[in-house]
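Heads up, the thing below is written out as structure tokens.
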Amino acid sequence: MIDIQNISYQYDKKSEKVFDGLSLSFDEGKIYGLLGKNGAGKTTLLHLLSGLLHPKGGKIAINGHEPRLREPALLENLFFMPDEFELPNKTLRRFVQFYAPFYPRFSQEVLDGCLADFEMDMDTRLTGLSLGQKKRIFVSFALATQCRVLLMDEPTNGLDIPAKSLFRKMLARYVQPDQTVIVSTHQVHDVDSLLDHVVILDLPSNVDEEPRQSVLLDASIADLQQRFAFQYRPMGEGDDEVLYAEPTPQGKAVIVENRDGQETTVNLELLFNAAVKGKI
């Protein structure tokens, strides 16, 4: 379990605070979508969770360990896949031989399965690859670690449409019941069918007053389906009970209260836009 209690963070004394009293929790066995506008602190939060940055106040605990201490007992069970990264000048086989022993739960079977789906092989040299090819390899390695905490920042950036589909299938197939997966992304359509829970971060306040809530939304998909219905309607249809609406080529996409108890698929992009505009 990840427990974040009242943390604050800013990059330097001249910059505004990214977080000022942020509290959140993430449970094991769930895949979380971490959403927010540019500058809302998604990547910063992942760096804080991985111990690459340290909170200026408050506390973070992951399965009883503080990330800032970088204890081996935590690091062997946590893997962070950043959006931008470099791979060493060696083959994937040598890369795995060197790095896999750091992760006690590493599964060669999972790695082989991911590589086969992505049409990559262990003798691939890691230099000179395209962004999409590097992402395929790093996604495969990340899933193969089987770490109890898996942090992924924009994992589908650079992937083509078939590879994005494979990514979704791999997460569904290989994520274990005791893992916590946090996916930070702007590409909501790439992951919306996988998520158990959604967290939407607010932009930091730049005014000298009481800090506003850092979290716009923190809700399970099941709860959202119970509270709201996501529908498409003709443009001329009345909006009296509509909480939020956007035009589409088919008419309009709307969010309304779920009054009849019928669950609908959560339109994550519509939900995000409604949350940032304060409509839900």
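Letters for chains follow the order of the structure tokens (A, B, ...), residue numbers begin at 1 for each chain, and ligand numbers begin at 1 in the order shown.
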
DSSP alpha helix (DSSP H) residues within region 71-267 of chain A, listed as a count of residues only: 59

Per-residue DSSP, region 61-270 of chain A, filtered to strand (DSSP E), as a count of residues only: 47

Long-range neighbours of Pro155 (chain A) as a VMD selection string, 12 Å cut-off, only C-alpha atoms, 3 positions minimum in chain: chain A and resid 33 80 to 85 131 to 132 134 to 140 142 to 143 150 to 152 158 to 160 163 to 164 167 to 168 171 181 to 188 190 to 191

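Neighbouring residues of region 5-19 of chain A at 6 Å or closer, counting only C-alpha atoms and skipping chain neighbours under 3 positions away, are Leu22, Ser23, Pro55, Lys56, Gly57, Gly58, Lys59 and Pro204 of chain A.
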
Got time to write the residues from that selection, all heavy atoms, as a CSV table (one decimal), in the first residue's frame?
```csv
chain,number,residue,atom,x,y,z
A,22,LEU,N,-0.7,17.6,0.0
A,22,LEU,CA,-1.3,16.5,-0.8
A,22,LEU,C,-1.4,15.2,0.1
A,22,LEU,O,-0.4,14.8,0.6
A,22,LEU,CB,-0.5,16.3,-2.0
A,22,LEU,CG,-0.9,15.1,-2.9
A,22,LEU,CD1,-2.3,15.3,-3.5
A,22,LEU,CD2,0.1,14.7,-3.9
A,23,SER,N,-2.5,14.6,0.1
A,23,SER,CA,-2.7,13.3,0.7
A,23,SER,C,-3.5,12.4,-0.2
A,23,SER,O,-4.5,12.8,-0.8
A,23,SER,CB,-3.5,13.5,2.0
A,23,SER,OG,-2.8,14.2,3.0
A,55,PRO,N,10.1,14.8,-0.5
A,55,PRO,CA,9.1,15.9,-0.1
A,55,PRO,C,9.8,16.8,0.9
A,55,PRO,O,10.6,16.5,1.7
A,55,PRO,CB,8.0,15.0,0.5
A,55,PRO,CG,8.6,13.7,0.9
A,55,PRO,CD,9.7,13.5,-0.1
A,56,LYS,N,9.3,18.1,0.8
A,56,LYS,CA,9.8,19.1,1.7
A,56,LYS,C,9.1,19.1,3.0
A,56,LYS,O,9.5,19.6,4.0
A,56,LYS,CB,9.6,20.5,1.1
A,56,LYS,CG,10.2,20.7,-0.3
A,56,LYS,CD,11.7,20.4,-0.3
A,56,LYS,CE,12.3,20.6,-1.7
A,56,LYS,NZ,13.7,20.3,-1.8
A,57,GLY,N,7.9,18.5,3.0
A,57,GLY,CA,7.1,18.3,4.2
A,57,GLY,C,6.2,17.1,4.1
A,57,GLY,O,5.9,16.7,2.9
A,58,GLY,N,5.7,16.6,5.2
A,58,GLY,CA,4.8,15.4,5.1
A,58,GLY,C,5.6,14.1,4.9
A,58,GLY,O,6.8,14.1,5.1
A,59,LYS,N,4.9,13.1,4.6
A,59,LYS,CA,5.5,11.7,4.6
A,59,LYS,C,4.9,10.8,3.6
A,59,LYS,O,3.7,10.9,3.3
A,59,LYS,CB,5.4,11.1,6.0
A,59,LYS,CG,6.1,9.8,6.1
A,59,LYS,CD,6.0,9.2,7.6
A,59,LYS,CE,6.7,7.9,7.7
A,59,LYS,NZ,6.6,7.3,9.1
A,204,PRO,N,-1.2,23.6,-9.5
A,204,PRO,CA,-0.8,24.3,-8.2
A,204,PRO,C,-1.4,25.8,-8.3
A,204,PRO,O,-1.4,26.4,-9.3
A,204,PRO,CB,0.7,24.3,-8.2
A,204,PRO,CG,1.1,24.1,-9.6
A,204,PRO,CD,0.0,23.3,-10.3
```

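Using only C-alpha atoms, the smallest distance between any of A:Arg93, A:Arg227, A:Arg233, A:Lys30 and Ile280 (chain A) comes from A:Arg227.
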
Polymer residues at most 12 Å from Gln97 (chain A), only C-alpha atoms, same-chain spacing of 5 or more positions, as a PyMOL selection string: chain A and resi 90-92+102-103+106+108+122+141

Selection to disk with N, CA, C and O atoms, as an mmCIF file, in the first residue's frame:
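Resulting contents of selection_30.cif:
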```
data_model
loop_
_atom_site.group_PDB
_atom_site.id
_atom_site.type_symbol
_atom_site.label_atom_id
_atom_site.label_comp_id
_atom_site.auth_asym_id
_atom_site.auth_seq_id
_atom_site.Cartn_x
_atom_site.Cartn_y
_atom_site.Cartn_z
ATOM 1 N N LYS A 90 24.328 -2.026 -25.422
ATOM 2 C CA LYS A 90 24.506 -3.476 -25.270
ATOM 3 C C LYS A 90 23.257 -4.169 -25.788
ATOM 4 O O LYS A 90 22.262 -3.510 -26.106
ATOM 5 N N THR A 91 23.310 -5.459 -25.888
ATOM 6 C CA THR A 91 22.122 -6.187 -26.341
ATOM 7 C C THR A 91 21.116 -6.290 -25.194
ATOM 8 O O THR A 91 21.476 -6.147 -24.006
ATOM 9 N N LEU A 92 19.893 -6.566 -25.554
ATOM 10 C CA LEU A 92 18.873 -6.760 -24.520
ATOM 11 C C LEU A 92 19.239 -7.934 -23.627
ATOM 12 O O LEU A 92 19.013 -7.895 -22.412
ATOM 13 N N PHE A 102 18.447 -7.637 -9.750
ATOM 14 C CA PHE A 102 18.032 -6.656 -8.740
ATOM 15 C C PHE A 102 16.567 -6.851 -8.337
ATOM 16 O O PHE A 102 16.128 -6.288 -7.330
ATOM 17 N N TYR A 103 15.817 -7.628 -9.104
ATOM 18 C CA TYR A 103 14.379 -7.796 -8.860
ATOM 19 C C TYR A 103 14.090 -9.277 -8.599
ATOM 20 O O TYR A 103 14.040 -10.081 -9.531
ATOM 21 N N PHE A 106 11.591 -11.281 -10.745
ATOM 22 C CA PHE A 106 11.710 -11.151 -12.203
ATOM 23 C C PHE A 106 11.313 -12.448 -12.898
ATOM 24 O O PHE A 106 11.720 -13.547 -12.507
ATOM 25 N N GLN A 108 11.361 -14.398 -16.458
ATOM 26 C CA GLN A 108 11.816 -14.526 -17.842
ATOM 27 C C GLN A 108 10.652 -14.935 -18.742
ATOM 28 O O GLN A 108 10.580 -14.542 -19.911
ATOM 29 N N MET A 122 15.773 -11.065 -27.824
ATOM 30 C CA MET A 122 16.785 -10.830 -26.799
ATOM 31 C C MET A 122 18.115 -10.360 -27.370
ATOM 32 O O MET A 122 18.945 -9.805 -26.641
ATOM 33 N N PHE A 141 10.344 -5.186 -20.045
ATOM 34 C CA PHE A 141 11.184 -5.390 -18.870
ATOM 35 C C PHE A 141 10.436 -4.979 -17.604
ATOM 36 O O PHE A 141 10.499 -5.678 -16.580
#
```

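Computed from the coordinates, the CA of Tyr244 (chain A) to CA of Leu194 (chain A) distance equals 23.8 Å.
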
Residue contacts of Gln250 (chain A) (8 Å, only C-alpha atoms) excluding same-chain residues fewer than 2 positions away, as a VMD selection string: chain A and resid 232 to 234 248 252

Export, as a tab-separated table (two decimals), in the first residue's frame, the selected residues with C-alpha atoms.
```tsv
chain	number	residue	atom	x	y	z
A	232	TYR	CA	-24.55	10.30	-26.39
A	233	ARG	CA	-27.56	12.43	-27.27
A	234	PRO	CA	-28.88	14.42	-30.24
A	248	THR	CA	-19.33	15.28	-31.08
A	252	LYS	CA	-23.15	15.48	-27.95
```

All residues 12 Å or closer to Leu34 (chain A), only C-alpha atoms, same chain fewer than 3 positions away omitted, as a PyMOL selection string: chain A and resi 24+26+31+37+40-46+151-154+181-188+191-192+195-202+215-219+268+272

Separation of CA of Gly21 (chain A) from CA of Leu75 (chain A), in Å and rounded to one decimal: 25.5 Å

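Between Leu224 (chain A) and the candidates A:Gly261, A:Pro88, A:Pro247, A:Pro101, the tightest atom-to-atom separation, counting only C-alpha atoms, involves A:Gly261.
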
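Put simply, CA of Met170 (chain A) is 12.7 Å away from CA of Ser193 (chain A).
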